[in-house]
>>> print(open('protein.cif').read())   # mmCIF, C-alpha atoms
data_model
loop_
_atom_site.label_atom_id
_atom_site.label_comp_id
_atom_site.auth_asym_id
_atom_site.auth_seq_id
_atom_site.Cartn_x
_atom_site.Cartn_y
_atom_site.Cartn_z
CA MET A 1 -12.03 -9.83 45.44
CA THR A 2 -9.04 -7.71 44.42
CA GLN A 3 -9.92 -4.32 42.99
CA ARG A 4 -7.49 -2.88 40.52
CA HIS A 5 -7.44 -0.16 37.94
CA LEU A 6 -8.85 -1.32 34.63
CA LYS A 7 -5.53 -0.69 32.92
CA GLU A 8 -3.54 -2.75 35.38
CA SER A 9 -6.08 -5.59 35.30
CA LEU A 10 -5.96 -5.67 31.51
CA GLN A 11 -2.17 -5.67 31.53
CA ARG A 12 -2.07 -8.59 33.97
CA HIS A 13 -4.65 -10.56 32.01
CA ILE A 14 -3.35 -9.99 28.48
CA ASN A 15 0.31 -10.29 29.45
CA SER A 16 -0.48 -13.65 31.04
CA LYS A 17 -1.18 -14.97 27.54
CA SER A 18 1.91 -16.20 25.79
CA LEU A 19 3.06 -18.53 23.08
CA SER A 20 4.53 -21.84 24.22
CA ASP A 21 8.17 -22.67 23.45
CA THR A 22 7.01 -25.00 20.67
CA GLN A 23 4.83 -22.32 19.11
CA LEU A 24 7.64 -19.78 19.35
CA LYS A 25 10.06 -22.15 17.67
CA LYS A 26 7.54 -22.78 14.90
CA PHE A 27 7.18 -19.06 14.20
CA LEU A 28 10.93 -18.53 14.25
CA ASP A 29 11.31 -21.43 11.81
CA ILE A 30 8.64 -20.01 9.50
CA GLN A 31 10.50 -16.70 9.42
CA GLN A 32 13.82 -18.42 8.83
CA GLN A 33 12.44 -20.41 5.91
CA GLY A 34 10.86 -17.25 4.51
CA ALA A 35 14.14 -15.38 4.72
CA ASN A 36 15.76 -17.99 2.47
CA LYS A 37 13.15 -17.62 -0.29
CA PRO A 38 14.08 -15.52 -3.31
CA ILE A 39 12.36 -12.13 -3.46
CA LYS A 40 9.69 -11.80 -6.12
CA THR A 41 9.00 -8.23 -7.16
CA LYS A 42 5.99 -7.14 -9.15
CA PRO A 43 6.66 -4.82 -12.04
CA VAL A 44 6.22 -1.25 -10.79
CA GLN A 45 4.31 -0.21 -13.94
CA LEU A 46 1.68 -2.86 -13.38
CA ARG A 47 1.08 -1.57 -9.87
CA TRP A 48 0.60 1.97 -11.20
CA VAL A 49 -1.82 0.82 -13.88
CA ALA A 50 -3.81 -1.12 -11.29
CA SER A 51 -3.90 1.89 -8.96
CA PHE A 52 -5.06 4.26 -11.70
CA ALA A 53 -7.70 1.79 -12.83
CA PHE A 54 -8.98 1.47 -9.29
CA VAL A 55 -9.17 5.25 -8.79
CA PHE A 56 -10.92 5.63 -12.13
CA VAL A 57 -13.55 3.02 -11.27
CA VAL A 58 -14.20 4.59 -7.86
CA LEU A 59 -14.52 8.10 -9.33
CA ALA A 60 -16.72 6.95 -12.18
CA SER A 61 -19.00 5.05 -9.80
CA SER A 62 -19.26 8.04 -7.49
CA LEU A 63 -20.11 10.40 -10.36
CA TYR A 64 -22.59 7.91 -11.77
CA ILE A 65 -24.40 7.55 -8.47
CA ASN A 66 -24.42 11.27 -7.69
CA PHE A 67 -25.38 12.64 -11.07
CA ASN A 68 -27.39 9.87 -12.69
CA PRO A 69 -31.08 10.73 -12.34
CA ALA A 70 -31.68 7.05 -11.67
CA PHE A 71 -30.00 7.54 -8.31
CA ASP A 72 -32.34 10.14 -6.87
CA LEU A 73 -32.12 11.63 -3.45
CA GLU A 74 -34.69 9.20 -2.10
CA ASP A 75 -32.58 6.30 -3.40
CA ARG A 76 -29.55 7.64 -1.61
CA ILE A 77 -31.53 8.15 1.59
CA GLY A 78 -33.02 4.67 1.24
CA ASN A 79 -29.59 3.10 0.71
CA GLU A 80 -28.09 4.93 3.66
CA VAL A 81 -30.98 4.11 5.97
CA ALA A 82 -31.14 0.43 4.96
CA LYS A 83 -27.39 0.06 5.33
CA ASN A 84 -27.42 1.55 8.81
CA HIS A 85 -30.48 -0.42 9.85
CA ILE A 86 -28.86 -3.72 8.92
CA LYS A 87 -25.88 -2.94 11.14
CA LEU A 88 -28.17 -2.49 14.17
CA ARG A 89 -25.58 -0.50 16.03
CA PRO A 90 -25.91 -0.34 19.81
CA LEU A 91 -28.56 2.03 21.14
CA GLU A 92 -27.36 4.97 23.18
CA ILE A 93 -30.60 5.18 25.13
CA GLU A 94 -32.96 2.28 25.76
CA THR A 95 -36.46 3.39 26.63
CA SER A 96 -40.03 3.17 25.38
CA SER A 97 -40.68 6.78 26.35
CA ILE A 98 -40.55 9.44 23.63
CA ASP A 99 -40.18 12.04 26.39
CA LEU A 100 -36.96 10.44 27.64
CA ILE A 101 -35.72 10.22 24.07
CA ARG A 102 -36.44 13.92 23.58
CA GLN A 103 -34.50 14.68 26.74
CA TYR A 104 -31.58 12.56 25.56
CA PHE A 105 -31.11 14.29 22.20
CA THR A 106 -29.68 17.59 23.37
CA GLU A 107 -27.48 18.10 20.32
CA LEU A 108 -30.21 18.12 17.68
CA ASP A 109 -31.76 21.17 16.04
CA PHE A 110 -35.19 19.61 16.49
CA SER A 111 -37.17 17.55 18.94
CA PRO A 112 -38.01 13.96 17.91
CA ILE A 113 -41.72 13.28 17.60
CA GLU A 114 -44.10 10.36 17.23
CA SER A 115 -45.21 10.07 13.62
CA SER A 116 -48.86 9.63 12.80
CA LEU A 117 -47.83 6.76 10.52
CA ILE A 118 -46.54 4.64 13.36
CA ASN A 119 -49.10 2.24 14.71
CA GLN A 120 -48.52 2.57 18.42
CA ALA A 121 -50.84 -0.27 19.23
CA ARG A 122 -48.59 -2.57 17.27
CA GLN A 123 -45.15 -1.04 17.51
CA THR A 124 -43.27 -0.09 20.62
CA LEU A 125 -40.28 2.18 20.98
CA VAL A 126 -37.16 0.45 22.31
CA GLY A 127 -34.52 3.17 22.16
CA ALA A 128 -32.51 5.55 20.03
CA ARG A 129 -29.08 6.78 18.98
CA TYR A 130 -27.54 9.68 17.12
CA CYS A 131 -26.95 9.20 13.42
CA SER A 132 -27.03 11.21 10.21
CA ILE A 133 -28.89 11.27 6.91
CA GLN A 134 -27.04 12.67 3.92
CA GLY A 135 -24.61 14.31 6.30
CA ILE A 136 -27.31 15.99 8.40
CA THR A 137 -27.45 15.04 12.07
CA ALA A 138 -30.46 12.87 12.78
CA ALA A 139 -32.10 10.71 15.42
CA GLN A 140 -32.40 6.99 14.81
CA LEU A 141 -35.29 5.51 16.78
CA ARG A 142 -35.69 1.76 17.02
CA LEU A 143 -39.15 0.22 17.03
CA LYS A 144 -40.21 -3.31 17.78
CA ASP A 145 -43.32 -5.09 16.57
CA LYS A 146 -45.13 -6.28 19.68
CA LYS A 147 -46.41 -9.41 17.95
CA THR A 148 -43.54 -10.53 15.76
CA GLY A 149 -40.62 -8.96 17.60
CA ARG A 150 -39.30 -7.58 14.30
CA VAL A 151 -37.22 -4.47 14.59
CA GLN A 152 -37.55 -1.32 12.48
CA SER A 153 -35.48 1.85 12.35
CA LEU A 154 -37.18 5.22 12.18
CA TYR A 155 -34.91 8.07 11.18
CA GLN A 156 -35.87 11.66 11.86
CA THR A 157 -34.06 14.79 10.90
CA ILE A 158 -34.91 18.41 10.34
CA TYR A 159 -36.58 18.96 6.99
CA LYS A 160 -34.52 21.17 4.72
CA PRO A 161 -36.45 21.82 1.51
CA GLU A 162 -33.28 22.83 -0.34
CA VAL A 163 -31.70 19.46 0.48
CA PHE A 164 -34.66 17.09 0.59
CA LYS A 165 -36.36 18.08 -2.66
CA ASN A 166 -39.39 16.16 -3.90
CA ILE A 167 -39.94 14.23 -0.67
CA PRO A 168 -43.73 13.95 -0.15
CA LEU A 169 -45.28 16.15 2.54
CA LEU A 170 -47.87 14.33 4.59
CA GLU A 171 -49.69 17.58 5.41
CA GLU A 172 -50.33 18.11 1.67
CA GLY A 173 -52.13 14.79 1.48
CA ASN A 174 -49.23 12.91 -0.09
CA LYS A 175 -48.28 9.37 0.75
CA PRO A 176 -44.72 8.36 1.67
CA ILE A 177 -42.44 7.38 -1.15
CA THR A 178 -41.03 3.86 -0.88
CA VAL A 179 -37.59 2.82 -2.07
CA PHE A 180 -36.12 -0.64 -1.96
CA SER A 181 -32.59 -1.29 -0.88
CA LYS A 182 -30.67 -4.26 0.46
CA GLY A 183 -33.81 -6.38 0.70
CA LEU A 184 -35.70 -3.79 2.71
CA ALA A 185 -38.40 -1.26 1.96
CA VAL A 186 -37.78 2.27 3.20
CA ASP A 187 -40.73 4.67 3.45
CA ILE A 188 -39.73 8.33 3.28
CA TRP A 189 -41.93 11.31 4.03
CA VAL A 190 -42.06 14.76 5.61
CA GLU A 191 -44.32 15.42 8.56
CA LYS A 192 -44.53 18.34 11.00
CA GLY A 193 -41.35 19.87 9.67
CA LEU A 194 -39.28 16.70 9.98
CA LEU A 195 -38.05 14.22 7.41
CA PHE A 196 -38.80 10.62 8.31
CA ALA A 197 -37.40 7.37 6.92
CA LEU A 198 -38.76 4.08 8.16
CA THR A 199 -37.35 0.67 7.33
CA ARG A 200 -39.66 -2.30 7.00
CA GLU A 201 -39.83 -5.68 5.38
CA ILE A 202 -40.91 -5.81 1.75
CA GLU A 203 -44.52 -6.91 1.45
CA LYS A 204 -46.31 -8.67 -1.39
CA GLN A 205 -48.22 -5.56 -2.39
CA ASP A 206 -45.04 -3.49 -2.68
CA LYS A 207 -44.20 -2.62 -6.26
CA PRO A 208 -41.05 -0.80 -7.32
CA GLN A 209 -41.86 2.84 -8.16
CA ASN A 210 -40.61 4.38 -11.36
CA MET B 1 12.90 -11.34 11.70
CA PHE B 2 10.76 -10.89 14.74
CA ASP B 3 12.44 -12.04 17.93
CA GLN B 4 10.73 -14.01 20.68
CA GLN B 5 9.75 -10.95 22.67
CA THR B 6 8.14 -9.26 19.66
CA LEU B 7 6.35 -12.47 18.74
CA GLN B 8 4.86 -12.65 22.24
CA LYS B 9 3.70 -9.03 21.95
CA LEU B 10 2.15 -9.69 18.55
CA TYR B 11 0.44 -12.79 19.94
CA ARG B 12 -1.09 -10.67 22.71
CA TYR B 13 -2.31 -8.18 20.13
CA CYS B 14 -3.94 -11.07 18.26
CA TYR B 15 -5.45 -12.29 21.51
CA ALA B 16 -6.88 -8.84 22.23
CA LEU B 17 -8.58 -8.94 18.82
CA CYS B 18 -9.81 -12.53 18.89
CA CYS B 19 -10.40 -12.94 22.62
CA ASN B 20 -9.44 -16.57 22.06
CA GLU B 21 -5.97 -18.11 22.35
CA HIS B 22 -6.37 -20.67 19.58
CA ASN B 23 -7.66 -18.10 17.08
CA ALA B 24 -4.93 -15.68 18.14
CA HIS B 25 -2.30 -18.28 17.29
CA ASP B 26 -3.83 -18.93 13.86
CA LEU B 27 -4.13 -15.22 13.15
CA LEU B 28 -0.51 -14.61 14.03
CA GLN B 29 0.66 -17.47 11.83
CA THR B 30 -1.30 -16.17 8.84
CA ALA B 31 0.02 -12.66 9.41
CA ILE B 32 3.64 -13.80 9.63
CA GLU B 33 3.26 -15.78 6.42
CA LYS B 34 1.72 -12.76 4.67
CA PHE B 35 4.45 -10.52 6.02
CA ILE B 36 7.13 -12.84 4.66
CA ASN B 37 5.44 -13.21 1.27
CA SER B 38 4.87 -9.48 0.90
CA ARG B 39 8.61 -8.79 1.20
CA HIS B 40 7.62 -5.30 2.10
CA GLU B 41 10.55 -3.01 2.86
CA ALA B 42 8.84 -1.69 5.97
CA THR B 43 10.55 1.08 7.88
CA ASN B 44 8.67 -0.14 10.93
CA PRO B 45 8.10 -3.91 10.55
CA SER B 46 6.32 -4.18 13.88
CA SER B 47 3.78 -1.54 12.91
CA TYR B 48 3.42 -3.04 9.44
CA ILE B 49 2.68 -6.55 10.71
CA LYS B 50 0.10 -5.10 13.09
CA ARG B 51 -1.66 -3.63 10.03
CA ILE B 52 -1.54 -7.08 8.43
CA ILE B 53 -2.99 -8.65 11.60
CA HIS B 54 -5.72 -6.02 11.76
CA ASN B 55 -6.71 -6.47 8.09
CA GLN B 56 -6.51 -10.25 8.29
CA PHE B 57 -8.75 -10.26 11.35
CA ILE B 58 -11.38 -8.16 9.55
CA ASP B 59 -11.18 -10.46 6.52
CA ASP B 60 -11.64 -13.50 8.75
CA CYS B 61 -14.63 -11.92 10.48
CA ARG B 62 -16.24 -11.08 7.15
CA ARG B 63 -15.60 -14.58 5.84
CA GLN B 64 -17.23 -16.08 8.89
CA ASN B 65 -19.95 -13.44 8.91
CA ILE B 66 -18.83 -12.28 12.33
CA LEU B 67 -19.41 -8.57 12.05
CA GLN B 68 -17.40 -7.45 15.01
CA PHE B 69 -16.12 -4.23 13.47
CA ASP B 70 -18.43 -1.25 13.31
CA GLU B 71 -17.78 1.60 11.00
CA MET B 72 -16.45 4.21 13.29
CA GLU B 73 -18.48 7.36 13.70
CA GLU B 74 -17.68 10.44 15.67
CA ASP B 75 -19.84 11.15 18.66
CA HIS B 76 -20.90 14.18 20.61
CA LEU B 77 -18.25 14.14 23.30
CA PRO B 78 -17.82 16.22 26.40
CA ALA B 79 -15.20 18.87 25.64
CA ASP B 80 -12.75 17.55 28.23
CA PHE B 81 -13.05 13.88 27.26
CA ASP B 82 -9.80 12.01 26.71
CA VAL B 83 -8.41 8.47 26.79
CA GLN B 84 -7.12 9.25 30.27
CA THR B 85 -10.73 8.97 31.46
CA LEU B 86 -10.26 5.20 31.31
CA GLU B 87 -7.44 5.51 33.84
CA THR B 88 -10.01 6.28 36.52
CA MET B 89 -11.92 3.04 36.09
CA VAL B 90 -11.55 0.39 38.76
CA ILE B 91 -12.60 -3.21 38.37
CA ASN B 92 -12.63 -6.49 40.26
CA GLU B 93 -9.71 -8.30 38.75
CA ASP B 94 -11.60 -11.50 38.07
CA MET B 95 -14.04 -9.56 35.89
CA VAL B 96 -11.46 -8.74 33.22
CA GLU B 97 -12.48 -11.56 30.91
CA LYS B 98 -16.12 -10.55 31.25
CA VAL B 99 -15.19 -6.99 30.33
CA LEU B 100 -13.31 -8.19 27.25
CA ASP B 101 -16.23 -10.42 26.27
CA HIS B 102 -18.55 -7.42 26.34
CA LEU B 103 -16.34 -5.33 24.10
CA GLN B 104 -16.31 -5.50 20.33
CA ALA B 105 -13.08 -6.39 18.59
CA ASP B 106 -12.39 -2.80 17.53
CA GLU B 107 -12.89 -1.67 21.12
CA ARG B 108 -10.56 -4.37 22.43
CA GLU B 109 -8.02 -3.28 19.85
CA ILE B 110 -8.09 0.30 21.12
CA ILE B 111 -7.93 -0.86 24.71
CA TYR B 112 -4.94 -3.07 23.84
CA PHE B 113 -2.98 -0.17 22.37
CA TRP B 114 -3.88 1.96 25.38
CA ALA B 115 -3.27 -0.55 28.18
CA ILE B 116 -0.54 -2.81 26.82
CA GLU B 117 1.38 -0.65 24.37
CA GLY B 118 0.86 2.50 26.45
CA MET B 119 -0.15 4.53 23.41
CA SER B 120 -1.80 7.94 23.56
CA THR B 121 -4.95 8.73 21.60
CA ALA B 122 -2.86 10.35 18.88
CA GLU B 123 -0.61 7.30 18.59
CA ILE B 124 -3.59 4.93 18.42
CA SER B 125 -5.07 7.18 15.76
CA THR B 126 -1.87 6.95 13.72
CA GLN B 127 -1.55 3.19 14.17
CA LEU B 128 -5.15 2.49 13.12
CA GLU B 129 -5.23 5.28 10.53
CA ILE B 130 -8.45 6.59 12.03
CA PRO B 131 -9.18 10.21 13.07
CA LYS B 132 -8.45 11.02 16.69
CA GLY B 133 -12.03 12.16 17.24
CA THR B 134 -13.31 8.77 16.15
CA ILE B 135 -11.01 6.98 18.57
CA LEU B 136 -12.22 9.22 21.41
CA SER B 137 -15.78 8.59 20.36
CA LYS B 138 -15.19 4.84 20.55
CA ILE B 139 -13.60 5.13 23.97
CA TYR B 140 -16.48 7.29 25.17
CA ARG B 141 -19.05 4.74 24.06
CA MET B 142 -16.99 1.85 25.39
CA ARG B 143 -16.72 3.43 28.82
CA LYS B 144 -20.42 4.26 28.88
CA LYS B 145 -21.29 0.75 27.78
CA LEU B 146 -19.15 -0.88 30.46
CA LEU B 147 -20.64 1.26 33.20
CA GLN B 148 -24.14 0.53 31.94
CA ILE B 149 -23.61 -3.22 31.61
CA PHE B 150 -22.10 -3.64 35.01
CA ASP B 151 -24.71 -1.50 36.65
CA ALA B 152 -27.45 -3.40 34.90
CA ASP B 153 -26.10 -6.69 36.25
CA SER B 154 -26.04 -5.19 39.72
CA ILE B 155 -22.30 -5.67 39.73
CA THR B 156 -20.44 -2.76 41.16
CA SER B 157 -17.10 -3.94 39.92
CA VAL B 158 -16.61 -1.08 37.49
CA GLU B 159 -16.78 2.37 38.92
CA VAL B 160 -15.24 5.73 38.41
CA VAL B 161 -12.91 6.96 41.10
CA LEU B 162 -13.17 10.71 41.29
#
>>> encode(input="protein.cif", output="structure tokens")
Amino acid sequence: MTQRHLKESLQRHINSKSLSDTQLKKFLDIQQQGANKPIKTKPVQLRWVASFAFVFVVLASSLYINFNPAFDLEDRIGNEVAKNHIKLRPLEIETSSIDLIRQYFTELDFSPIESSLINQARQTLVGARYCSIQGITAAQLRLKDKKTGRVQSLYQTIYKPEVFKNIPLLEEGNKPITVFSKGLAVDIWVEKGLLFALTREIEKQDKPQN
Amino acid sequence: MFDQQTLQKLYRYCYALCCNEHNAHDLLQTAIEKFINSRHEATNPSSYIKRIIHNQFIDDCRRQNILQFDEMEEDHLPADFDVQTLETMVINEDMVEKVLDHLQADEREIIYFWAIEGMSTAEISTQLEIPKGTILSKIYRMRKKLLQIFDADSITSVEVVL
């Protein structure tokens, strides 16, 4: 087999793809017909009004979400975590060993741990990747249910009381707070100096918290 | 008007995104029609139609629920990492299609600008309107992924020549 540099191989492969003469003629004809059409211009003022309206809506939404008490920190964390979980981005390390995961995350200000709330008999670790929660660098661990094969994301980041206010501390006997976002439940708690967020499917006994 | 040579280049860009000749043809046709209808006074028509192709491709993916584009995030890169790192990769030529199949559309797009258009990281960043660090991050992950995949399959076709 011929070995080539990746760049040269890609050039040879992609440059071998070309439009047929018929296809070329069709595209040239489309352009020619288009060139003969009269130009329609939108009124400039309308474009400005639309742009201002768009900016206003975006700003208003942002302010509403950030300053409305209804959108608490836990809601924002829940939204961010659920959104990222749904994307299931590729893992950077695939392993069931928490030790290997600890070794992998050299850029964190903390060492990922196994939470006491994770049922290790039922859930197995499959890997991890870097991520962030509310702009703070975090570890995203992926868990798999041994029975059902369902996947969960467990986020861990360093607990900063000034940022993560009102998040329940497990050591004080509190239970995790649950928020619902994008059809998922996200349990959030603080344990051993780390903030955790765990995605899971919504269960019958889950009730929205006020 | 785009001449034959430019049309072929645009078609190859579409192919790099779609990884499928039929879809590439359809994408190019839609983009040309949009370009004509927009009547945009572009200072760089070639660059402008590439933006149309890029946006149209994302729209098509969303419509078909093919989520091939990740939101780009910056990574923790080695300090000396650059797009030139890809230059050191060697591959068995008949594995090219397999490599392309393993890449996501946004990765193929970057690789197209690098390999076919000969763009630097900064130029790719300008073309895609994405920070340079994010492009490097993508390349870093892409390279790592390729090396992992091919190792995992016990295929030694991709290797780094030091």
>>> closest_atom_pairs(input="protein.cif", of="chain A", to="chain B", cutoff="7 Å", atoms="only C-alpha atoms", output="tab-separated table")
residue	atom	partner	partner_atom	distance
A:Met1	CA	B:Asn92	CA	6.2
A:Thr2	CA	B:Asn92	CA	5.6
A:Gln3	CA	B:Asn92	CA	4.4
A:Arg4	CA	B:Val90	CA	5.5
A:His5	CA	B:Val90	CA	4.2
A:Leu6	CA	B:Val90	CA	5.2
A:Lys7	CA	B:Ala115	CA	5.3
A:Ser9	CA	B:Glu93	CA	5.7
A:Leu10	CA	B:Val96	CA	6.5
A:Gln11	CA	B:Ile116	CA	5.7
A:Ile14	CA	B:Arg12	CA	6.2
A:Asn15	CA	B:Arg12	CA	6.9
A:Lys17	CA	B:Arg12	CA	6.5
A:Ser18	CA	B:Gln8	CA	5.8
A:Leu19	CA	B:Gln8	CA	6.2
A:Leu24	CA	B:Gln4	CA	6.7
A:Gln31	CA	B:Met1	CA	6.3
A:Gly34	CA	B:Ile36	CA	5.8
A:Ile39	CA	B:Arg39	CA	6.9
>>> atom_distance(input="protein.cif", atom1="atom CA of B:Cys18", atom2="atom CA of A:Tyr130")
28.5 Å
>>> residues_around(input="protein.cif", residues="stretch 191-208 of chain A", least_positions_apart="2", cutoff="8 Å", atoms="all atoms listed in the file", output="list in words")
Ile77, Gly78, Val81, Ala82, His85, Ser115, Gln152, Ser153, Leu154, Tyr155, Gln156, Thr157, Ile158, Tyr159, Leu169, Leu170, Glu171, Thr178, Val179, Phe180, Gly183, Leu184, Ala185, Val186, Asp187, Ile188, Trp189 and Asn210 of chain A
>>> resolve_selection(input="protein.cif", expression="the PyMOL selection byres ((chain A and resi 101) around 10)", output="ChimeraX atom specification")
/A:92-100,102-106,111-113,125,127-129,139,141
>>> atom_distance(input="protein.cif", atom1="atom CA of A:Gln33", atom2="atom CA of B:Lys34")
13.2 Å
>>> atom_distance(input="protein.cif", atom1="atom CA of A:Leu91", atom2="atom CA of B:Met142")
12.3 Å
>>> axis_aligned_box(input="protein.cif", around="stretch 16-20 of chain B", padding_each_side="4 Å", output="lines of an AutoDock Vina configuration file")
center_x = -8.6
center_y = -12.7
center_z = 20.7
size_x = 11.5
size_y = 15.7
size_z = 11.8
